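The data block below is structure.txt; it holds compact mmCIF, C-alpha atoms.
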```txt
# COMPACT_ATOMS: atom_id res chain seq x y z
CA MET A 1 128.57 136.62 -39.74
CA THR A 2 129.52 134.23 -36.92
CA LEU A 3 126.60 133.42 -34.64
CA PRO A 4 127.05 133.80 -30.87
CA GLY A 5 127.88 130.55 -29.13
CA TYR A 6 124.75 130.58 -26.98
CA LEU A 7 122.60 130.00 -30.06
CA THR A 8 124.20 126.57 -30.50
CA ILE A 9 123.36 125.32 -27.01
CA PRO A 10 120.22 123.15 -26.69
CA GLU A 11 117.54 124.56 -24.42
CA ASN A 12 117.68 121.58 -22.06
CA THR A 13 121.44 122.10 -21.63
CA PHE A 14 120.90 125.81 -21.01
CA ASN A 15 118.26 125.04 -18.40
CA ALA A 16 120.62 122.60 -16.70
CA ARG A 17 123.28 125.32 -16.51
CA ILE A 18 120.75 127.72 -14.98
CA HIS A 19 119.76 125.13 -12.38
CA ALA A 20 123.41 124.42 -11.54
CA ALA A 21 124.14 128.15 -11.19
CA TRP A 22 121.27 128.63 -8.74
CA GLU A 23 122.51 125.62 -6.79
CA ARG A 24 125.95 127.25 -6.53
CA SER A 25 124.37 130.46 -5.26
CA SER A 26 122.79 129.13 -2.06
CA PRO A 27 124.89 128.26 -0.11
CA CYS A 28 126.92 130.60 -2.29
CA MET A 29 130.00 129.29 -4.05
CA LEU A 30 129.78 131.48 -7.13
CA CYS A 31 133.03 133.32 -6.48
CA PRO A 32 136.32 132.27 -4.87
CA ARG A 33 135.28 133.65 -1.49
CA GLN A 34 132.99 130.63 -1.06
CA CYS A 35 131.10 132.61 1.60
CA MET A 36 128.26 130.03 1.67
CA ALA A 37 125.59 132.72 2.09
CA LEU A 38 122.08 131.26 1.93
CA ARG A 39 120.92 133.74 -0.67
CA LYS A 40 117.61 131.98 -1.29
CA LYS A 41 116.83 132.61 2.39
CA GLY A 42 117.77 136.28 2.28
CA ASP A 43 121.48 136.19 3.13
CA LEU A 44 123.49 138.67 1.06
CA GLY A 45 127.10 137.55 1.63
CA PHE A 46 130.18 139.65 0.82
CA CYS A 47 128.68 141.02 -2.42
CA ARG A 48 125.47 142.00 -0.58
CA THR A 49 123.34 140.72 -3.42
CA GLY A 50 120.25 138.53 -3.19
CA THR A 51 118.58 136.42 -5.85
CA HIS A 52 117.20 139.16 -8.12
CA PRO A 53 119.25 141.14 -10.63
CA HIS A 54 120.49 144.43 -9.21
CA ILE A 55 121.76 146.98 -11.72
CA ALA A 56 123.02 150.55 -11.64
CA SER A 57 122.61 151.54 -15.30
CA TYR A 58 122.64 150.31 -18.89
CA GLY A 59 123.13 151.72 -22.36
CA PRO A 60 125.52 152.00 -25.33
CA HIS A 61 129.08 152.57 -24.10
CA PHE A 62 131.78 154.04 -26.35
CA GLY A 63 134.66 154.04 -23.87
CA GLU A 64 135.65 150.37 -24.12
CA GLU A 65 138.41 148.97 -26.32
CA GLY A 66 137.93 149.61 -30.03
CA PRO A 67 136.88 146.04 -30.93
CA ILE A 68 134.30 146.10 -28.12
CA SER A 69 132.77 149.57 -28.54
CA GLY A 70 133.09 149.66 -32.32
CA THR A 71 131.05 152.36 -34.03
CA ARG A 72 127.68 151.72 -32.39
CA GLY A 73 128.74 151.16 -28.81
CA SER A 74 128.89 148.24 -26.43
CA GLY A 75 125.57 147.36 -24.81
CA THR A 76 126.76 147.78 -21.25
CA VAL A 77 124.89 146.65 -18.14
CA PHE A 78 126.47 147.75 -14.86
CA PHE A 79 125.62 145.27 -12.10
CA THR A 80 125.81 146.48 -8.51
CA GLY A 81 127.84 144.84 -5.78
CA CYS A 82 131.15 143.05 -6.31
CA THR A 83 133.09 139.98 -5.23
CA MET A 84 136.15 142.15 -4.56
CA GLY A 85 136.66 145.04 -2.15
CA CYS A 86 139.04 147.34 -4.01
CA ARG A 87 139.85 150.38 -1.88
CA PHE A 88 140.49 152.48 -5.01
CA CYS A 89 137.46 151.40 -7.09
CA GLN A 90 136.46 154.11 -9.55
CA ASN A 91 132.90 152.77 -9.48
CA TYR A 92 132.82 152.76 -5.68
CA GLU A 93 129.18 153.85 -5.39
CA ILE A 94 128.10 150.92 -7.54
CA SER A 95 130.43 148.22 -6.23
CA HIS A 96 130.49 149.10 -2.53
CA ASP A 97 127.45 151.29 -1.83
CA ARG A 98 125.24 149.30 -4.24
CA VAL A 99 123.67 152.32 -5.89
CA GLY A 100 121.04 151.01 -8.30
CA GLN A 101 117.79 149.12 -8.36
CA GLU A 102 116.56 145.56 -8.10
CA ILE A 103 114.73 144.26 -11.16
CA THR A 104 113.34 140.93 -12.42
CA VAL A 105 115.00 138.51 -14.83
CA HIS A 106 112.31 139.46 -17.38
CA ASP A 107 113.28 143.11 -17.00
CA LEU A 108 116.92 142.15 -17.55
CA ALA A 109 116.02 140.16 -20.67
CA ASP A 110 114.14 143.21 -21.99
CA ILE A 111 117.25 145.33 -21.37
CA PHE A 112 119.38 142.90 -23.43
CA LEU A 113 116.90 143.06 -26.30
CA HIS A 114 116.63 146.85 -26.04
CA LEU A 115 120.41 147.20 -26.32
CA GLN A 116 120.37 144.98 -29.41
CA GLU A 117 117.62 147.13 -30.91
CA ARG A 118 119.74 150.21 -30.24
CA GLY A 119 122.34 148.68 -32.56
CA CYS A 120 124.94 147.79 -29.93
CA HIS A 121 127.62 145.35 -31.07
CA ASN A 122 127.34 143.17 -27.96
CA ILE A 123 125.89 142.77 -24.46
CA ASN A 124 128.58 143.83 -21.99
CA LEU A 125 128.03 142.37 -18.51
CA VAL A 126 130.04 144.53 -16.09
CA THR A 127 130.87 142.86 -12.73
CA PRO A 128 128.56 139.89 -13.38
CA THR A 129 130.07 137.08 -11.27
CA HIS A 130 127.78 137.25 -8.24
CA GLN A 131 124.69 137.58 -10.46
CA VAL A 132 125.39 134.74 -12.89
CA PRO A 133 122.24 132.67 -12.14
CA ALA A 134 119.88 135.57 -12.87
CA ILE A 135 121.93 136.58 -15.92
CA LEU A 136 121.69 133.09 -17.41
CA GLU A 137 117.97 132.97 -16.77
CA ALA A 138 117.51 136.37 -18.42
CA LEU A 139 119.68 135.35 -21.38
CA LEU A 140 117.52 132.33 -22.14
CA ILE A 141 114.43 134.54 -22.11
CA ALA A 142 116.17 137.04 -24.40
CA ILE A 143 117.31 134.28 -26.76
CA LYS A 144 113.67 133.28 -27.19
CA GLY A 145 113.08 136.95 -28.00
CA ASP A 146 115.66 136.74 -30.84
CA LEU A 147 118.83 137.96 -29.13
CA GLN A 148 121.68 137.47 -31.61
CA ILE A 149 124.69 139.55 -30.51
CA PRO A 150 127.80 138.37 -28.58
CA ILE A 151 127.98 138.35 -24.80
CA VAL A 152 130.95 140.03 -23.08
CA TYR A 153 131.88 138.91 -19.55
CA ASN A 154 133.58 141.98 -18.04
CA THR A 155 135.18 140.87 -14.78
CA SER A 156 137.84 141.54 -12.15
CA GLY A 157 139.43 138.16 -12.88
CA TYR A 158 138.52 136.92 -9.38
CA GLU A 159 136.57 133.91 -10.65
CA SER A 160 135.75 130.37 -9.62
CA PRO A 161 136.51 127.73 -12.28
CA GLY A 162 133.28 125.94 -11.36
CA THR A 163 131.23 129.00 -12.22
CA LEU A 164 133.21 129.67 -15.40
CA ARG A 165 132.57 126.13 -16.63
CA LEU A 166 128.83 126.83 -16.46
CA LEU A 167 129.41 129.68 -18.92
CA GLU A 168 131.24 127.64 -21.55
CA GLY A 169 129.70 128.20 -24.97
CA ILE A 170 127.45 130.95 -23.58
CA ILE A 171 130.02 133.71 -23.12
CA ASP A 172 131.58 134.75 -26.41
CA ILE A 173 134.12 137.29 -25.16
CA TYR A 174 135.88 137.20 -21.81
CA MET A 175 137.25 140.57 -20.69
CA PRO A 176 138.98 140.08 -17.31
CA ASP A 177 141.33 142.30 -15.37
CA PHE A 178 144.62 140.95 -14.12
CA LYS A 179 145.27 143.28 -11.20
CA TYR A 180 148.04 141.84 -9.04
CA VAL A 181 150.67 139.13 -9.02
CA ASP A 182 151.51 139.57 -5.34
CA GLU A 183 149.08 137.98 -2.88
CA GLU A 184 149.69 140.63 -0.22
CA THR A 185 148.84 143.40 -2.69
CA GLY A 186 145.50 141.76 -3.39
CA LYS A 187 144.85 141.30 0.30
CA ASN A 188 145.72 144.89 1.23
CA LEU A 189 144.17 146.70 -1.72
CA SER A 190 141.18 144.47 -2.60
CA ARG A 191 140.51 142.31 0.47
CA THR A 192 141.07 139.11 -1.52
CA THR A 193 142.76 135.84 -0.64
CA ASN A 194 145.24 134.40 -3.13
CA TYR A 195 144.13 136.64 -5.99
CA PRO A 196 147.14 135.87 -8.26
CA ARG A 197 146.69 132.09 -8.31
CA ILE A 198 142.91 132.39 -8.70
CA CYS A 199 143.18 134.90 -11.53
CA GLU A 200 145.81 132.86 -13.35
CA GLU A 201 143.59 129.77 -13.20
CA ALA A 202 140.61 131.80 -14.39
CA LEU A 203 142.54 133.19 -17.36
CA ARG A 204 143.60 129.70 -18.39
CA GLU A 205 139.98 128.54 -18.28
CA MET A 206 138.72 131.55 -20.21
CA HIS A 207 141.35 131.05 -22.90
CA ARG A 208 140.56 127.34 -23.08
CA GLN A 209 136.92 128.17 -23.72
CA ALA A 210 137.21 131.14 -26.08
CA GLY A 211 140.78 131.27 -27.41
CA ASP A 212 142.49 134.43 -28.66
CA LEU A 213 140.34 137.40 -29.60
CA THR A 214 138.96 137.24 -33.13
CA LEU A 215 137.38 140.10 -35.09
CA GLU A 216 134.93 140.49 -37.96
CA GLY A 217 135.06 143.87 -39.65
CA GLY A 218 137.12 145.20 -36.77
CA ILE A 219 134.55 144.14 -34.15
CA ALA A 220 135.26 141.40 -31.61
CA ASN A 221 133.08 138.32 -31.92
CA ARG A 222 134.89 135.79 -29.73
CA GLY A 223 137.91 135.30 -27.52
CA LEU A 224 139.87 136.66 -24.58
CA LEU A 225 140.80 140.29 -24.00
CA ILE A 226 142.81 141.02 -20.84
CA ARG A 227 143.05 144.38 -19.11
CA HIS A 228 145.84 145.46 -16.79
CA LEU A 229 145.69 148.70 -14.84
CA VAL A 230 149.20 149.95 -14.11
CA LEU A 231 149.43 150.95 -10.44
CA PRO A 232 151.80 153.64 -9.16
CA GLY A 233 154.96 152.23 -7.67
CA ARG A 234 154.14 148.65 -8.70
CA THR A 235 155.61 148.24 -12.18
CA SER A 236 157.49 145.12 -11.06
CA GLU A 237 154.12 143.41 -10.61
CA SER A 238 153.10 144.56 -14.09
CA GLU A 239 156.25 142.98 -15.51
CA ARG A 240 155.44 139.62 -13.92
CA ILE A 241 151.83 139.77 -15.10
CA ILE A 242 152.95 140.40 -18.68
CA LYS A 243 155.46 137.55 -18.48
CA PHE A 244 152.72 135.17 -17.30
CA ILE A 245 150.33 136.15 -20.08
CA ALA A 246 152.99 135.79 -22.78
CA GLU A 247 154.36 132.48 -21.54
CA GLN A 248 151.29 130.73 -20.15
CA ILE A 249 148.28 132.15 -21.99
CA SER A 250 149.24 133.33 -25.50
CA ARG A 251 151.48 135.89 -27.17
CA ASP A 252 148.47 136.65 -29.38
CA THR A 253 146.48 137.81 -26.36
CA TRP A 254 144.82 141.19 -26.81
CA LEU A 255 146.19 143.09 -23.81
CA ASN A 256 144.98 146.56 -22.88
CA ILE A 257 147.53 148.26 -20.61
CA MET A 258 145.72 151.11 -18.88
CA ASP A 259 146.98 154.29 -17.24
CA GLN A 260 143.66 155.52 -15.82
CA TYR A 261 144.49 154.90 -12.16
CA ARG A 262 143.62 157.76 -9.82
CA PRO A 263 143.10 157.75 -6.07
CA ALA A 264 139.37 157.09 -5.71
CA GLY A 265 136.98 155.32 -3.38
CA GLU A 266 138.31 154.96 0.15
CA ILE A 267 142.04 154.80 -0.62
CA ARG A 268 142.67 158.39 0.55
CA LYS A 269 141.19 157.66 3.96
CA THR A 270 142.40 154.08 4.46
CA CYS A 271 145.64 153.72 2.51
CA PRO A 272 147.41 150.62 3.89
CA ASP A 273 150.92 150.92 5.25
CA GLY A 274 153.50 150.44 2.52
CA TYR A 275 151.19 151.64 -0.29
CA ILE A 276 151.75 155.40 -0.13
CA ASP A 277 152.25 155.49 -3.92
CA MET A 278 148.54 154.68 -4.30
CA LEU A 279 147.84 158.29 -3.30
CA ARG A 280 149.18 159.55 -6.63
CA ARG A 281 148.53 158.90 -10.30
CA VAL A 282 150.70 156.68 -12.49
CA SER A 283 153.58 158.56 -14.10
CA ASP A 284 154.18 158.57 -17.86
CA LYS A 285 157.54 156.94 -17.15
CA GLU A 286 155.90 154.01 -15.33
CA PHE A 287 153.24 153.55 -17.98
CA ASN A 288 155.66 153.69 -20.90
CA HIS A 289 157.97 151.23 -19.15
CA VAL A 290 155.18 148.68 -18.82
CA ARG A 291 154.25 149.09 -22.49
CA LYS A 292 157.86 148.46 -23.49
CA VAL A 293 157.89 145.29 -21.39
CA ALA A 294 154.78 144.09 -23.26
CA GLU A 295 156.47 144.80 -26.58
CA LYS A 296 159.55 142.87 -25.44
CA TYR A 297 157.37 139.82 -24.79
CA GLY A 298 155.56 140.17 -28.11
CA LEU A 299 152.23 141.23 -26.62
CA VAL A 300 151.47 143.89 -29.20
CA ARG A 301 147.76 143.28 -29.83
CA GLY A 302 146.04 146.10 -27.98
CA LEU A 303 149.05 148.42 -28.00
CA GLU A 304 148.17 150.06 -31.30
```
As structure tokens, how would this structure be written, given the file I've shared?
Amino acid sequence: MTLPGYLTIPENTFNARIHAAWERSSPCMLCPRQCMALRKKGDLGFCRTGTHPHIASYGPHFGEEGPISGTRGSGTVFFTGCTMGCRFCQNYEISHDRVGQEITVHDLADIFLHLQERGCHNINLVTPTHQVPAILEALLIAIKGDLQIPIVYNTSGYESPGTLRLLEGIIDIYMPDFKYVDEETGKNLSRTTNYPRICEEALREMHRQAGDLTLEGGIANRGLLIRHLVLPGRTSESERIIKFIAEQISRDTWLNIMDQYRPAGEIRKTCPDGYIDMLRRVSDKEFNHVRKVAEKYGLVRGLE
């Protein structure tokens, strides 16, 4: 059995990463927004998160990709708040309304260990970017408590390279979205600036750190798994995303092409001009077309 990468990092190095992460958090530069919120003084910034972990729920999750959920579930921790502002977010109450509770880093470490005790294959950090300092601190505590399962970084793909570099060797599996390849789409649907370039750079860094997804007994233990949610009326963006992954990341990338889009969150009330298709679900024709494009480029891992 391959040991998680974090078990190979000396404690002094881990502590230095924790210190550097807290330094990036106030004034805050953890995510690409670089909002400079003084979180240690009570500012909350765009993500509306302070210095303590804030979570909505945790537990074994069986709805992830097969290599992540496996047979015993993925040990999922849903963090509240988000660095993006997706109008159609299916977890709107968690990401925008911040439903959940504030806990301590020791509580979070206990949650990690509890999920391991439940038999989960990994610790799945959902929307973790803006809470990285507290997560790292909790991880070190959990490591001292004998944590030994891989860490999954489940993210929107809107990441700062500086923050990602602090995670090198600590995160075993990167699981980012690649949402848009058109900057205006990101701006209008998720309130982001230059999402495509930022996400592309983040994917390169994640792949540099972890490589292609590798499995042991059918369960992921290391690597990059990319998700792409097909959006109604925007298959041309999907085609360009697939082309980028195949040509600039790896044709062995595990790519999950998803058809779960439905109008949720605030999109029904505040649908931007030019995005009327977002008020309907993705058609089978659109979804199957995007899958065929992936096959054409040789991105077949994840299509089984």
Let me have the centre and edge lengths of the axis-aligned box enclosing all listed atoms of region 248-267 of chain A with 8 Å padding on every side, in Å to one decimal, as JSON.
```
{"center_x": 144.2, "center_y": 144.2, "center_z": -14.6, "size_x": 30.5, "size_y": 43.0, "size_z": 45.5}
```
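All polymer residues at most 12 Å from (143.9, 128.7, -11.7), using all atoms listed in the file, appear as Pro32, Gly157, Tyr158, Glu159, Ser160, Pro161, Gly162, Leu164, Asn194, Tyr195, Pro196, Arg197, Ile198, Cys199, Glu200, Glu201, Ala202, Leu203, Arg204, Glu205, Met206, His207, Arg208, Gln248 and Ile249 of chain A.
Distance check against Val181 (chain A) using all atoms listed in the file: of A:Thr163, A:Thr193, A:Thr129, A:Ser238, the minimum falls on A:Ser238.
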> So which residues touch Cys120 (chain A) within 12 Å, counting only C-alpha atoms, skipping near sequence neighbours fewer than 6 positions away, as a PyMOL selection string?
Replying inline: chain A and resi 58-62+68-77+111-114+147-152+219
> Looking at A:Leu115, A:Ala138, A:Ile241, A:Ile143, which one is nearest to Asp182 (chain A), with distances taken over all atoms listed in the file?
Replying inline: A:Ile241
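Proximity to Gly50 (chain A) at 12 Å, evaluated using all atoms listed in the file and with sequence-adjacent residues fewer than 3 positions away removed, yields Trp22, Ser25, Ser26, Pro27, Cys28, Ala37, Leu38, Arg39, Lys40, Lys41, Gly42, Asp43, Leu44, Gly45, Phe46, Cys47, Pro53, His54, Thr80, Gly81, Arg98, Glu102, Ile103, Thr104, His130, Gln131, Val132, Pro133 and Ala134 of chain A.
Nearest-residue note for Ile226 (chain A): choosing from A:Ala109, A:Ala210, A:Ile245, A:Ala21, the minimum distance belongs to A:Ile245, counting all atoms listed in the file.
In terms of minimum interatomic distance to Arg227 (chain A), A:Gly302 ranks closest within A:Gly302, A:Glu286, A:Leu213, A:Tyr297, counting only C-alpha atoms.
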